[in-house]
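Participant: Below is structure_28.cif; it holds mmCIF, C-alpha atoms.
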data_coords
loop_
_atom_site.label_atom_id
_atom_site.label_comp_id
_atom_site.auth_asym_id
_atom_site.auth_seq_id
_atom_site.Cartn_x
_atom_site.Cartn_y
_atom_site.Cartn_z
CA MET K 3 -1.01 0.36 -48.58
CA MET K 4 -4.72 0.74 -47.86
CA ASP K 5 -5.83 -0.20 -44.35
CA TYR K 6 -8.75 -2.62 -44.59
CA THR K 7 -9.08 -3.09 -40.83
CA ALA K 8 -12.25 -1.06 -40.33
CA LYS K 9 -13.90 -2.47 -43.42
CA LEU K 10 -13.18 -6.15 -42.75
CA THR K 11 -13.24 -6.50 -38.95
CA ARG K 12 -16.51 -7.29 -37.20
CA PRO K 13 -17.69 -4.30 -35.12
CA CYS K 14 -17.78 -6.32 -31.91
CA VAL K 15 -14.11 -7.23 -32.37
CA ARG K 16 -13.03 -3.69 -33.27
CA VAL K 17 -14.26 -2.35 -29.92
CA LEU K 18 -13.01 -5.34 -27.93
CA GLU K 19 -10.37 -4.76 -25.27
CA ALA K 20 -7.98 -7.70 -25.56
CA TYR K 21 -7.00 -9.73 -22.50
CA GLN K 22 -3.50 -8.66 -21.51
CA VAL K 23 -0.92 -11.18 -20.31
CA VAL K 24 2.20 -9.84 -18.59
CA PRO K 25 5.38 -11.58 -19.83
CA PRO K 26 6.57 -13.73 -16.92
CA ASN K 27 10.12 -12.39 -16.86
CA TYR K 28 10.34 -12.61 -13.09
CA LYS K 29 12.04 -14.92 -10.59
CA ILE K 30 8.81 -15.55 -8.69
CA ILE K 31 5.58 -15.76 -10.70
CA LEU K 32 2.41 -15.51 -8.63
CA ASN K 33 0.02 -13.69 -10.94
CA ALA K 34 -1.85 -16.43 -12.85
CA ASN K 35 -3.12 -18.80 -10.14
CA GLU K 36 -0.84 -21.55 -11.36
CA ASN K 37 0.18 -24.49 -9.22
CA PRO K 38 3.80 -23.95 -8.07
CA TYR K 39 4.51 -27.69 -8.19
CA ASP K 40 5.48 -29.21 -11.53
CA PHE K 41 4.40 -32.60 -12.86
CA PRO K 42 6.49 -35.17 -10.92
CA ASP K 43 9.51 -36.55 -12.76
CA ALA K 44 8.15 -40.11 -12.59
CA LEU K 45 4.99 -39.01 -14.39
CA LYS K 46 7.01 -37.04 -16.94
CA LYS K 47 8.98 -40.22 -17.62
CA ALA K 48 5.74 -42.17 -18.07
CA PHE K 49 4.55 -39.47 -20.47
CA CYS K 50 7.77 -39.71 -22.50
CA GLU K 51 7.41 -43.49 -22.70
CA ARG K 52 3.87 -43.16 -23.99
CA MET K 53 5.02 -40.62 -26.53
CA MET K 54 7.58 -43.08 -27.86
CA ALA K 55 4.71 -45.46 -28.58
CA THR K 56 2.52 -42.76 -30.12
CA THR K 57 2.12 -42.16 -33.85
CA PHE K 58 2.43 -38.47 -34.71
CA ASN K 59 1.38 -38.86 -38.34
CA ARG K 60 -2.20 -39.77 -37.36
CA TYR K 61 -4.81 -37.44 -35.93
CA PRO K 62 -5.75 -37.76 -32.24
CA ASP K 63 -8.94 -39.38 -31.00
CA PRO K 64 -11.54 -36.77 -32.04
CA THR K 65 -13.71 -37.42 -28.98
CA ALA K 66 -10.88 -37.88 -26.44
CA ALA K 67 -12.81 -40.94 -25.27
CA ALA K 68 -10.19 -42.23 -22.83
CA VAL K 69 -9.86 -38.79 -21.20
CA ARG K 70 -13.63 -38.48 -20.86
CA GLU K 71 -13.85 -41.93 -19.26
CA GLU K 72 -11.24 -40.93 -16.67
CA LEU K 73 -13.06 -37.65 -16.07
CA ALA K 74 -16.28 -39.60 -15.59
CA ALA K 75 -14.61 -41.78 -12.96
CA TYR K 76 -13.29 -38.65 -11.23
CA THR K 77 -16.42 -36.47 -11.33
CA GLY K 78 -19.21 -39.04 -11.20
CA VAL K 79 -20.76 -37.60 -14.37
CA ALA K 80 -21.21 -39.94 -17.34
CA ALA K 81 -18.63 -39.75 -20.15
CA ASP K 82 -21.31 -38.86 -22.73
CA GLN K 83 -22.12 -35.81 -20.61
CA ILE K 84 -18.58 -34.43 -20.91
CA VAL K 85 -16.88 -32.42 -23.64
CA VAL K 86 -13.18 -31.51 -23.46
CA GLY K 87 -11.31 -28.53 -24.86
CA CYS K 88 -8.00 -26.71 -25.03
CA GLY K 89 -8.43 -25.17 -21.60
CA SER K 90 -11.60 -23.51 -20.35
CA ASP K 91 -11.05 -20.80 -22.96
CA GLU K 92 -11.97 -23.15 -25.79
CA ILE K 93 -14.96 -24.35 -23.77
CA MET K 94 -16.19 -20.75 -23.45
CA ALA K 95 -15.62 -20.18 -27.16
CA MET K 96 -17.72 -23.25 -27.93
CA LEU K 97 -20.46 -22.08 -25.58
CA GLY K 98 -20.61 -18.80 -27.47
CA GLN K 99 -20.76 -20.57 -30.82
CA THR K 100 -23.47 -22.93 -29.60
CA PHE K 101 -25.80 -20.79 -27.52
CA ILE K 102 -25.19 -17.05 -28.06
CA ALA K 103 -26.85 -15.41 -31.05
CA PRO K 104 -26.11 -11.79 -32.01
CA GLY K 105 -27.79 -9.50 -29.52
CA ASP K 106 -28.33 -12.16 -26.84
CA VAL K 107 -27.72 -10.96 -23.30
CA VAL K 108 -25.11 -12.69 -21.15
CA ILE K 109 -24.73 -11.93 -17.45
CA GLY K 110 -21.83 -12.22 -15.02
CA HIS K 111 -21.21 -11.03 -11.48
CA ALA K 112 -18.49 -8.47 -10.82
CA PRO K 113 -15.68 -8.65 -10.11
CA SER K 114 -15.04 -11.92 -11.91
CA PHE K 115 -13.10 -13.48 -14.79
CA SER K 116 -13.00 -11.01 -17.70
CA MET K 117 -12.88 -13.74 -20.36
CA TYR K 118 -16.58 -14.40 -19.81
CA GLU K 119 -17.30 -11.02 -21.35
CA ILE K 120 -14.66 -11.29 -24.05
CA TRP K 121 -15.89 -14.63 -25.43
CA SER K 122 -19.52 -13.49 -25.18
CA VAL K 123 -18.82 -10.29 -27.11
CA ILE K 124 -16.88 -12.22 -29.76
CA ALA K 125 -19.99 -14.38 -30.22
CA GLY K 126 -22.06 -11.23 -30.77
CA GLY K 127 -23.67 -11.12 -27.35
CA ARG K 128 -24.33 -8.15 -25.08
CA PHE K 129 -22.67 -8.63 -21.71
CA LEU K 130 -24.00 -7.19 -18.44
CA TRP K 131 -22.12 -7.25 -15.13
CA VAL K 132 -24.09 -7.42 -11.87
CA PRO K 133 -21.90 -5.97 -9.08
CA ASP K 134 -21.33 -7.93 -5.89
CA ASN K 135 -21.99 -6.05 -2.67
CA ALA K 136 -19.32 -4.10 -0.80
CA ALA K 137 -18.08 -7.26 0.94
CA TYR K 138 -18.00 -9.10 -2.42
CA HIS K 139 -20.93 -11.33 -1.55
CA HIS K 140 -22.84 -12.29 -4.66
CA ASN K 141 -26.03 -10.35 -5.40
CA VAL K 142 -28.27 -13.31 -6.21
CA GLU K 143 -31.47 -11.27 -6.42
CA GLY K 144 -29.70 -8.77 -8.68
CA ILE K 145 -28.54 -11.56 -11.00
CA ILE K 146 -32.05 -13.03 -11.19
CA ASN K 147 -33.76 -9.67 -11.74
CA THR K 148 -31.24 -8.60 -14.40
CA ALA K 149 -31.71 -11.93 -16.17
CA LYS K 150 -35.49 -11.57 -16.15
CA GLU K 151 -35.50 -7.92 -17.23
CA ASN K 152 -33.16 -8.60 -20.16
CA ASN K 153 -34.33 -12.09 -21.13
CA ALA K 154 -30.76 -13.30 -20.57
CA LYS K 155 -29.61 -16.29 -22.61
CA LEU K 156 -26.66 -17.26 -20.39
CA ILE K 157 -25.36 -16.54 -16.88
CA TYR K 158 -21.75 -17.10 -15.81
CA LEU K 159 -21.12 -17.90 -12.14
CA CYS K 160 -17.60 -18.47 -10.81
CA SER K 161 -17.17 -20.57 -7.66
CA PRO K 162 -14.67 -20.17 -6.06
CA ASN K 163 -14.70 -16.78 -7.68
CA ASN K 164 -11.71 -15.35 -9.51
CA PRO K 165 -10.42 -12.93 -8.20
CA THR K 166 -12.13 -12.73 -4.78
CA GLY K 167 -12.13 -16.42 -3.79
CA GLY K 168 -15.75 -16.50 -2.61
CA LEU K 169 -18.09 -19.47 -3.10
CA PHE K 170 -21.60 -19.63 -4.51
CA PRO K 171 -23.61 -21.67 -2.00
CA ARG K 172 -25.57 -24.58 -3.46
CA HIS K 173 -28.93 -22.98 -2.59
CA ASP K 174 -27.99 -19.76 -4.43
CA VAL K 175 -27.06 -21.65 -7.60
CA ILE K 176 -30.30 -23.63 -7.41
CA GLN K 177 -32.31 -20.43 -6.91
CA ILE K 178 -30.79 -18.90 -10.05
CA LEU K 179 -31.42 -22.12 -12.00
CA GLU K 180 -35.04 -22.29 -10.93
CA GLU K 181 -35.97 -18.61 -11.16
CA THR K 182 -34.50 -17.83 -14.60
CA ASP K 183 -34.80 -19.41 -18.03
CA ALA K 184 -31.13 -18.80 -18.76
CA LEU K 185 -28.39 -21.34 -19.28
CA VAL K 186 -26.29 -21.19 -16.09
CA VAL K 187 -22.58 -21.88 -16.57
CA LEU K 188 -20.86 -22.61 -13.27
CA ASP K 189 -17.08 -22.22 -13.49
CA GLU K 190 -15.43 -24.50 -10.92
CA ALA K 191 -11.83 -24.09 -12.06
CA TYR K 192 -10.66 -23.82 -8.43
CA ILE K 193 -13.09 -26.18 -6.69
CA GLU K 194 -10.42 -28.71 -5.70
CA PHE K 195 -8.91 -26.11 -3.36
CA LYS K 196 -12.18 -26.20 -1.41
CA SER K 197 -12.85 -29.92 -1.94
CA PRO K 198 -13.87 -31.98 -4.99
CA GLU K 199 -16.81 -33.15 -2.88
CA ASP K 200 -18.08 -29.55 -2.78
CA SER K 201 -18.51 -29.49 -6.55
CA LEU K 202 -22.05 -29.00 -7.81
CA ALA K 203 -21.31 -31.01 -10.95
CA ARG K 204 -23.83 -33.72 -10.11
CA LEU K 205 -26.62 -31.13 -10.36
CA VAL K 206 -26.36 -31.45 -14.16
CA ASP K 207 -28.44 -34.63 -13.79
CA SER K 208 -31.25 -32.60 -12.20
CA TYR K 209 -31.21 -29.31 -14.11
CA GLY K 210 -31.42 -29.11 -17.88
CA ASN K 211 -30.10 -25.52 -17.91
CA LEU K 212 -26.81 -26.12 -16.03
CA LEU K 213 -23.29 -26.58 -17.36
CA VAL K 214 -20.21 -26.90 -15.12
CA MET K 215 -16.73 -25.99 -16.36
CA ARG K 216 -13.66 -27.58 -14.80
CA THR K 217 -9.95 -27.72 -15.64
CA LEU K 218 -6.72 -29.63 -15.07
CA SER K 219 -4.73 -26.38 -15.07
CA LYS K 220 -4.98 -25.47 -11.39
CA ALA K 221 -5.06 -28.20 -8.74
CA PHE K 222 -3.63 -30.81 -11.13
CA GLY K 223 -0.77 -28.46 -12.07
CA LEU K 224 -1.19 -28.94 -15.83
CA ALA K 225 -1.64 -25.34 -17.00
CA GLY K 226 0.94 -25.88 -19.75
CA VAL K 227 -0.97 -28.86 -21.11
CA ARG K 228 -4.25 -26.95 -21.70
CA CYS K 229 -7.08 -29.33 -20.86
CA GLY K 230 -10.45 -28.04 -19.72
CA TYR K 231 -13.78 -29.79 -19.70
CA CYS K 232 -17.49 -29.13 -19.45
CA LEU K 233 -20.09 -31.29 -17.70
CA GLY K 234 -23.76 -31.06 -18.51
CA PRO K 235 -27.02 -32.70 -19.53
CA LYS K 236 -26.43 -34.91 -22.56
CA PRO K 237 -28.71 -32.86 -24.89
CA LEU K 238 -26.64 -29.71 -24.22
CA ILE K 239 -23.30 -31.55 -24.52
CA ASP K 240 -24.47 -33.01 -27.85
CA MET K 241 -25.16 -29.47 -29.12
CA ILE K 242 -21.73 -28.22 -27.97
CA SER K 243 -20.10 -31.18 -29.71
CA LYS K 244 -21.55 -29.97 -33.01
CA VAL K 245 -19.34 -26.86 -32.97
CA LYS K 246 -16.25 -28.53 -31.50
CA SER K 247 -13.30 -28.83 -33.88
CA PRO K 248 -12.87 -32.46 -34.98
CA TYR K 249 -9.41 -32.92 -33.44
CA ASN K 250 -9.32 -30.14 -30.87
CA LEU K 251 -7.30 -31.99 -28.21
CA ASN K 252 -3.90 -33.12 -29.49
CA LYS K 253 -2.29 -36.44 -28.60
CA LEU K 254 0.23 -34.90 -26.22
CA THR K 255 -2.50 -33.19 -24.22
CA GLN K 256 -4.65 -36.32 -24.14
CA GLU K 257 -1.80 -38.49 -22.86
CA ALA K 258 -0.69 -35.98 -20.23
CA ALA K 259 -4.29 -35.56 -19.06
CA LEU K 260 -4.71 -39.32 -18.83
CA ILE K 261 -1.57 -39.72 -16.73
CA GLY K 262 -2.64 -36.87 -14.47
CA LEU K 263 -6.13 -38.27 -13.95
CA GLN K 264 -4.84 -41.80 -13.40
CA ASN K 265 -2.51 -40.41 -10.71
CA ARG K 266 -4.97 -37.90 -9.31
CA ASP K 267 -4.57 -38.94 -5.69
CA ARG K 268 -0.85 -38.21 -5.88
CA LEU K 269 -1.33 -34.85 -7.60
CA LEU K 270 -4.24 -33.67 -5.47
CA ALA K 271 -2.37 -34.53 -2.27
CA ARG K 272 -0.34 -31.39 -2.94
CA VAL K 273 -3.51 -29.33 -2.51
CA LYS K 274 -3.26 -29.92 1.26
CA THR K 275 0.16 -28.26 1.26
CA LEU K 276 -1.11 -25.31 -0.75
CA ASN K 277 -4.16 -24.90 1.47
CA ALA K 278 -1.95 -24.89 4.56
CA GLU K 279 0.22 -22.22 2.93
CA ARG K 280 -2.90 -20.25 2.00
CA HIS K 281 -3.98 -20.24 5.66
CA ARG K 282 -0.50 -19.17 6.80
CA VAL K 283 -0.28 -16.33 4.27
CA TYR K 284 -3.84 -15.21 4.97
CA ARG K 285 -3.11 -14.88 8.70
CA ALA K 286 0.10 -12.99 7.94
CA LEU K 287 -1.73 -10.55 5.68
CA LEU K 288 -4.33 -9.94 8.37
CA ALA K 289 -1.54 -9.21 10.87
CA PHE K 290 -0.09 -6.57 8.52
CA ASP K 291 -3.32 -4.54 8.77
CA LEU K 292 -3.12 -3.88 5.04
CA GLY K 293 -6.70 -2.77 4.59
CA ARG K 294 -9.23 -5.33 3.37
CA VAL K 295 -8.19 -9.01 3.16
CA PHE K 296 -10.88 -11.42 2.00
CA PRO K 297 -11.45 -15.07 2.96
CA THR K 298 -10.85 -17.46 0.08
CA ALA K 299 -11.61 -21.02 -1.01
CA ALA K 300 -9.16 -20.92 -3.93
CA ASN K 301 -5.37 -20.98 -4.36
CA PHE K 302 -5.11 -17.19 -4.18
CA ILE K 303 -5.90 -14.36 -1.78
CA TYR K 304 -7.54 -11.08 -2.75
CA PHE K 305 -6.79 -7.94 -0.76
CA GLU K 306 -7.21 -4.19 -1.15
CA THR K 307 -4.80 -1.71 0.36
CA PRO K 308 -3.99 2.02 0.36
CA ARG K 309 -0.27 1.07 0.20
CA GLY K 310 -0.50 -0.39 -3.29
CA ALA K 311 2.28 1.69 -4.90
CA ALA K 312 4.79 0.84 -2.18
CA ILE K 313 3.93 -2.86 -2.31
CA GLU K 314 4.22 -2.99 -6.11
CA LYS K 315 7.62 -1.29 -5.90
CA ALA K 316 8.85 -3.77 -3.29
CA MET K 317 7.61 -6.70 -5.39
CA ARG K 318 9.38 -5.44 -8.51
CA ALA K 319 12.60 -4.95 -6.56
CA ARG K 320 12.50 -8.64 -5.59
CA SER K 321 11.44 -9.77 -9.09
CA ILE K 322 8.04 -10.96 -7.89
CA LEU K 323 5.06 -10.85 -10.26
CA VAL K 324 1.58 -10.63 -8.71
CA LYS K 325 -1.77 -9.57 -10.16
CA THR K 326 -3.04 -6.05 -9.56
CA PHE K 327 -6.24 -4.36 -10.69
CA GLY K 328 -7.36 -0.78 -11.16
CA ALA K 329 -7.78 1.26 -7.98
CA THR K 330 -11.19 1.14 -6.29
CA GLY K 331 -13.33 4.19 -5.66
CA GLY K 332 -11.94 4.39 -2.16
CA GLY K 333 -8.35 4.73 -3.36
CA LEU K 334 -7.46 1.13 -2.54
CA THR K 335 -5.31 -0.98 -4.88
CA PRO K 336 -6.63 -4.54 -5.32
CA PHE K 337 -4.13 -7.42 -5.39
CA ARG K 338 -4.70 -11.08 -6.20
CA LEU K 339 -1.85 -13.11 -4.74
CA THR K 340 -1.40 -16.67 -5.98
CA ILE K 341 -0.25 -19.07 -3.28
CA GLY K 342 3.18 -20.39 -4.22
CA ALA K 343 5.72 -22.70 -2.62
CA PRO K 344 6.64 -21.79 0.99
CA GLU K 345 9.85 -19.99 0.03
CA GLU K 346 7.98 -17.95 -2.60
CA ASN K 347 5.32 -16.97 -0.09
CA ASP K 348 8.03 -15.96 2.38
CA ALA K 349 9.54 -13.66 -0.24
CA VAL K 350 6.15 -12.03 -0.82
CA LEU K 351 5.55 -11.49 2.88
CA ASP K 352 9.04 -10.03 3.27
CA ALA K 353 8.36 -7.62 0.40
CA ILE K 354 5.08 -6.48 1.94
CA ALA K 355 6.70 -6.04 5.35
CA GLU K 356 9.39 -3.90 3.75
CA ALA K 357 6.80 -1.80 1.91
CA LEU K 358 4.86 -1.12 5.10
CA GLN K 359 7.85 0.08 7.12
#
Can you present the structure in this file as structure tokens?
Facilitator:
Amino acid sequence: MMDYTAKLTRPCVRVLEAYQVVPPNYKIILNANENPYDFPDALKKAFCERMMATTFNRYPDPTAAAVREELAAYTGVAADQIVVGCGSDEIMAMLGQTFIAPGDVVIGHAPSFSMYEIWSVIAGGRFLWVPDNAAYHHNVEGIINTAKENNAKLIYLCSPNNPTGGLFPRHDVIQILEETDALVVLDEAYIEFKSPEDSLARLVDSYGNLLVMRTLSKAFGLAGVRCGYCLGPKPLIDMISKVKSPYNLNKLTQEAALIGLQNRDRLLARVKTLNAERHRVYRALLAFDLGRVFPTAANFIYFETPRGAAIEKAMRARSILVKTFGATGGGLTPFRLTIGAPEENDAVLDAIAEALQ
């Protein structure tokens, strides 16, 4: 049979390196920044009751109006300035379809979430990474200069940043907004682990070139539901809505999101527990003298160590899955450790202690 792959596939897709997901066949899974606490049984029961009253033969609300109203109450941004999607991934896909023309330059800071580049390349854009400095502080001047030199269409900023956990201060975001003509997309997937009050979402009422992405996957513990959302000036949200699939958020997702948002105080109370665990684990990692351990505002800790091989071996022996990255130039192995339940974190610390003996 003739192979039509080269003939039919778009060039930008042929050269694309797909995002790799490790099958979670482990006892302890701490590689994807998921919340270790499941949806409470009482809320699952409420969800099941709503499902019994739901018609499955009819399409869902195409605008997810009830979800957007709850998001408006939560974020303080008007419902008509919000678009929802199947996780932040669909939001990024829609941003590419709406704003990125073939050849447009998109900028991100490195290291950061690789899907920014993947969705931009799929849209036909040319992606440029601006490296952070050696301490992983963001190079604001480098981002601005690269944007100006390349007439960038879009800039992705991640705060708290995945994988390093660092924050973009408000004044840095404003400087980038005011000194470039690019659309700035601020990804706040992990902002609840700092504080919802630290979100810069309300800036969308002051800057016509700002969009803010958020999600229910992390602090709300609804990664399996897949509900992300984007906040922005109404003219930009109206443009994004033009490319959105008519029924992109199914009824099950809409109902689960509604229940989660309506019970947000109960769900977000668990963030205090996770932040306390993050502090405990961070101090323990510092005491190990691993190498470089970085402060974090998210639900994960990033560290680099020359003992990477031994730590990975110890983790595998205990059936613990964590995220690793390619070795740095200095021979250090980077790890991103998701904060789990206390007993999971204890198992990780025991594994590291064993590896360092």
Participant: Neighbourhood query: residues within 10 Å of (-6.8, -24.1, -9.3), file coordinates, counting only C-alpha atoms; return as a list in words.
Facilitator: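 Final list of nearby residues, as requested, is Ala34, Asn35, Glu36, Asn37, Pro162, Glu190, Ala191, Tyr192, Ile193, Glu194, Phe195, Lys196, Arg216, Thr217, Leu218, Ser219, Lys220, Ala221, Phe222, Gly223, Leu224, Ala225, Val273, Ala300, Asn301, Phe302 and Thr340 of chain K.
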Participant: For the residues in the current selection, export C-alpha atoms as an mmCIF file, in the frame of the given file.
Facilitator:
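Listed below is the output, out-v7.cif:
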data_model
loop_
_atom_site.group_PDB
_atom_site.id
_atom_site.type_symbol
_atom_site.label_atom_id
_atom_site.label_comp_id
_atom_site.auth_asym_id
_atom_site.auth_seq_id
_atom_site.Cartn_x
_atom_site.Cartn_y
_atom_site.Cartn_z
ATOM 1 C CA ALA K 34 -1.850 -16.430 -12.850
ATOM 2 C CA ASN K 35 -3.120 -18.800 -10.140
ATOM 3 C CA GLU K 36 -0.840 -21.550 -11.360
ATOM 4 C CA ASN K 37 0.180 -24.490 -9.220
ATOM 5 C CA PRO K 162 -14.670 -20.170 -6.060
ATOM 6 C CA GLU K 190 -15.430 -24.500 -10.920
ATOM 7 C CA ALA K 191 -11.830 -24.090 -12.060
ATOM 8 C CA TYR K 192 -10.660 -23.820 -8.430
ATOM 9 C CA ILE K 193 -13.090 -26.180 -6.690
ATOM 10 C CA GLU K 194 -10.420 -28.710 -5.700
ATOM 11 C CA PHE K 195 -8.910 -26.110 -3.360
ATOM 12 C CA LYS K 196 -12.180 -26.200 -1.410
ATOM 13 C CA ARG K 216 -13.660 -27.580 -14.800
ATOM 14 C CA THR K 217 -9.950 -27.720 -15.640
ATOM 15 C CA LEU K 218 -6.720 -29.630 -15.070
ATOM 16 C CA SER K 219 -4.730 -26.380 -15.070
ATOM 17 C CA LYS K 220 -4.980 -25.470 -11.390
ATOM 18 C CA ALA K 221 -5.060 -28.200 -8.740
ATOM 19 C CA PHE K 222 -3.630 -30.810 -11.130
ATOM 20 C CA GLY K 223 -0.770 -28.460 -12.070
ATOM 21 C CA LEU K 224 -1.190 -28.940 -15.830
ATOM 22 C CA ALA K 225 -1.640 -25.340 -17.000
ATOM 23 C CA VAL K 273 -3.510 -29.330 -2.510
ATOM 24 C CA ALA K 300 -9.160 -20.920 -3.930
ATOM 25 C CA ASN K 301 -5.370 -20.980 -4.360
ATOM 26 C CA PHE K 302 -5.110 -17.190 -4.180
ATOM 27 C CA THR K 340 -1.400 -16.670 -5.980
#
Participant: Identify which of the residues K:Ser247, K:Gln264, K:Asn277, K:Asn147 lies closest to Glu92 in chain K, counting all atoms listed in the file when measuring atom-to-atom distances.
Facilitator: K:Ser247
Participant: Could you tell me which residues the PyMOL selection byres ((chain K and resi 355) around 12) returns for this structure, as number ranges by chain?
Facilitator: K: 286-287, 289-292, 309, 312-313, 316-317, 348-354, 356-359
Participant: Go through the shown structure with the PyMOL selection byres ((chain K and resi 86-91) around 8) and write out the matching residues as a ChimeraX atom specification.
Facilitator: /K:66,70,84-85,92-95,117,215-217,219,228-232,250-251
Participant: Could you write out the selected residues, including C-alpha atoms, as a compact mmCIF listing (two decimals), in the frame of the given file?
Facilitator:
# COMPACT_ATOMS: atom_id res chain seq x y z
CA ALA K 66 -10.88 -37.88 -26.44
CA ARG K 70 -13.63 -38.48 -20.86
CA ILE K 84 -18.58 -34.43 -20.91
CA VAL K 85 -16.88 -32.42 -23.64
CA GLU K 92 -11.97 -23.15 -25.79
CA ILE K 93 -14.96 -24.35 -23.77
CA MET K 94 -16.19 -20.75 -23.45
CA ALA K 95 -15.62 -20.18 -27.16
CA MET K 117 -12.88 -13.74 -20.36
CA MET K 215 -16.73 -25.99 -16.36
CA ARG K 216 -13.66 -27.58 -14.80
CA THR K 217 -9.95 -27.72 -15.64
CA SER K 219 -4.73 -26.38 -15.07
CA ARG K 228 -4.25 -26.95 -21.70
CA CYS K 229 -7.08 -29.33 -20.86
CA GLY K 230 -10.45 -28.04 -19.72
CA TYR K 231 -13.78 -29.79 -19.70
CA CYS K 232 -17.49 -29.13 -19.45
CA ASN K 250 -9.32 -30.14 -30.87
CA LEU K 251 -7.30 -31.99 -28.21
Participant: Could you tell me which of K:Arg128, K:Arg320, K:Arg172, K:His139 comes closest to Asn152 in chain K if we count all atoms listed in the file?
Facilitator: K:Arg128
Participant: Convert the output of the PyMOL selection byres ((chain K and resi 166) around 12) on the shown file into explicit residues, formatted as a ChimeraX atom specification.
Facilitator: /K:111-115,134,136-140,160-165,167-170,192,294-306,327,336-340
Participant: Missing atoms in range 140-153 of chain K: fill them in up to N, CA and C atoms and send the result as an mmCIF file, keeping the file's coordinate frame.
Facilitator:
data_model
loop_
_atom_site.group_PDB
_atom_site.id
_atom_site.type_symbol
_atom_site.label_atom_id
_atom_site.label_comp_id
_atom_site.auth_asym_id
_atom_site.auth_seq_id
_atom_site.Cartn_x
_atom_site.Cartn_y
_atom_site.Cartn_z
ATOM 1 N N HIS K 140 -22.130 -12.323 -3.394
ATOM 2 C CA HIS K 140 -22.840 -12.290 -4.660
ATOM 3 C C HIS K 140 -24.271 -11.784 -4.492
ATOM 4 N N ASN K 141 -24.697 -10.947 -5.414
ATOM 5 C CA ASN K 141 -26.030 -10.350 -5.400
ATOM 6 C C ASN K 141 -26.978 -11.268 -6.184
ATOM 7 N N VAL K 142 -27.454 -12.302 -5.529
ATOM 8 C CA VAL K 142 -28.270 -13.310 -6.210
ATOM 9 C C VAL K 142 -29.552 -12.699 -6.753
ATOM 10 N N GLU K 143 -30.224 -11.898 -5.955
ATOM 11 C CA GLU K 143 -31.470 -11.270 -6.420
ATOM 12 C C GLU K 143 -31.188 -10.347 -7.610
ATOM 13 N N GLY K 144 -30.052 -9.629 -7.555
ATOM 14 C CA GLY K 144 -29.700 -8.770 -8.680
ATOM 15 C C GLY K 144 -29.446 -9.557 -9.953
ATOM 16 N N ILE K 145 -28.786 -10.702 -9.833
ATOM 17 C CA ILE K 145 -28.540 -11.560 -11.000
ATOM 18 C C ILE K 145 -29.862 -12.042 -11.583
ATOM 19 N N ILE K 146 -30.757 -12.511 -10.719
ATOM 20 C CA ILE K 146 -32.050 -13.030 -11.190
ATOM 21 C C ILE K 146 -32.879 -11.921 -11.838
ATOM 22 N N ASN K 147 -32.959 -10.762 -11.187
ATOM 23 C CA ASN K 147 -33.760 -9.670 -11.740
ATOM 24 C C ASN K 147 -33.195 -9.169 -13.065
ATOM 25 N N THR K 148 -31.857 -9.047 -13.151
ATOM 26 C CA THR K 148 -31.240 -8.600 -14.400
ATOM 27 C C THR K 148 -31.498 -9.613 -15.510
ATOM 28 N N ALA K 149 -31.450 -10.882 -15.169
ATOM 29 C CA ALA K 149 -31.710 -11.930 -16.170
ATOM 30 C C ALA K 149 -33.154 -11.849 -16.669
ATOM 31 N N LYS K 150 -34.080 -11.655 -15.753
ATOM 32 C CA LYS K 150 -35.490 -11.570 -16.150
ATOM 33 C C LYS K 150 -35.767 -10.323 -16.976
ATOM 34 N N GLU K 151 -35.234 -9.194 -16.535
ATOM 35 C CA GLU K 151 -35.500 -7.920 -17.230
ATOM 36 C C GLU K 151 -34.923 -7.893 -18.634
ATOM 37 N N ASN K 152 -33.840 -8.644 -18.859
ATOM 38 C CA ASN K 152 -33.160 -8.600 -20.160
ATOM 39 C C ASN K 152 -33.273 -9.898 -20.943
ATOM 40 N N ASN K 153 -34.146 -10.800 -20.450
ATOM 41 C CA ASN K 153 -34.330 -12.090 -21.130
ATOM 42 C C ASN K 153 -32.976 -12.729 -21.427
#
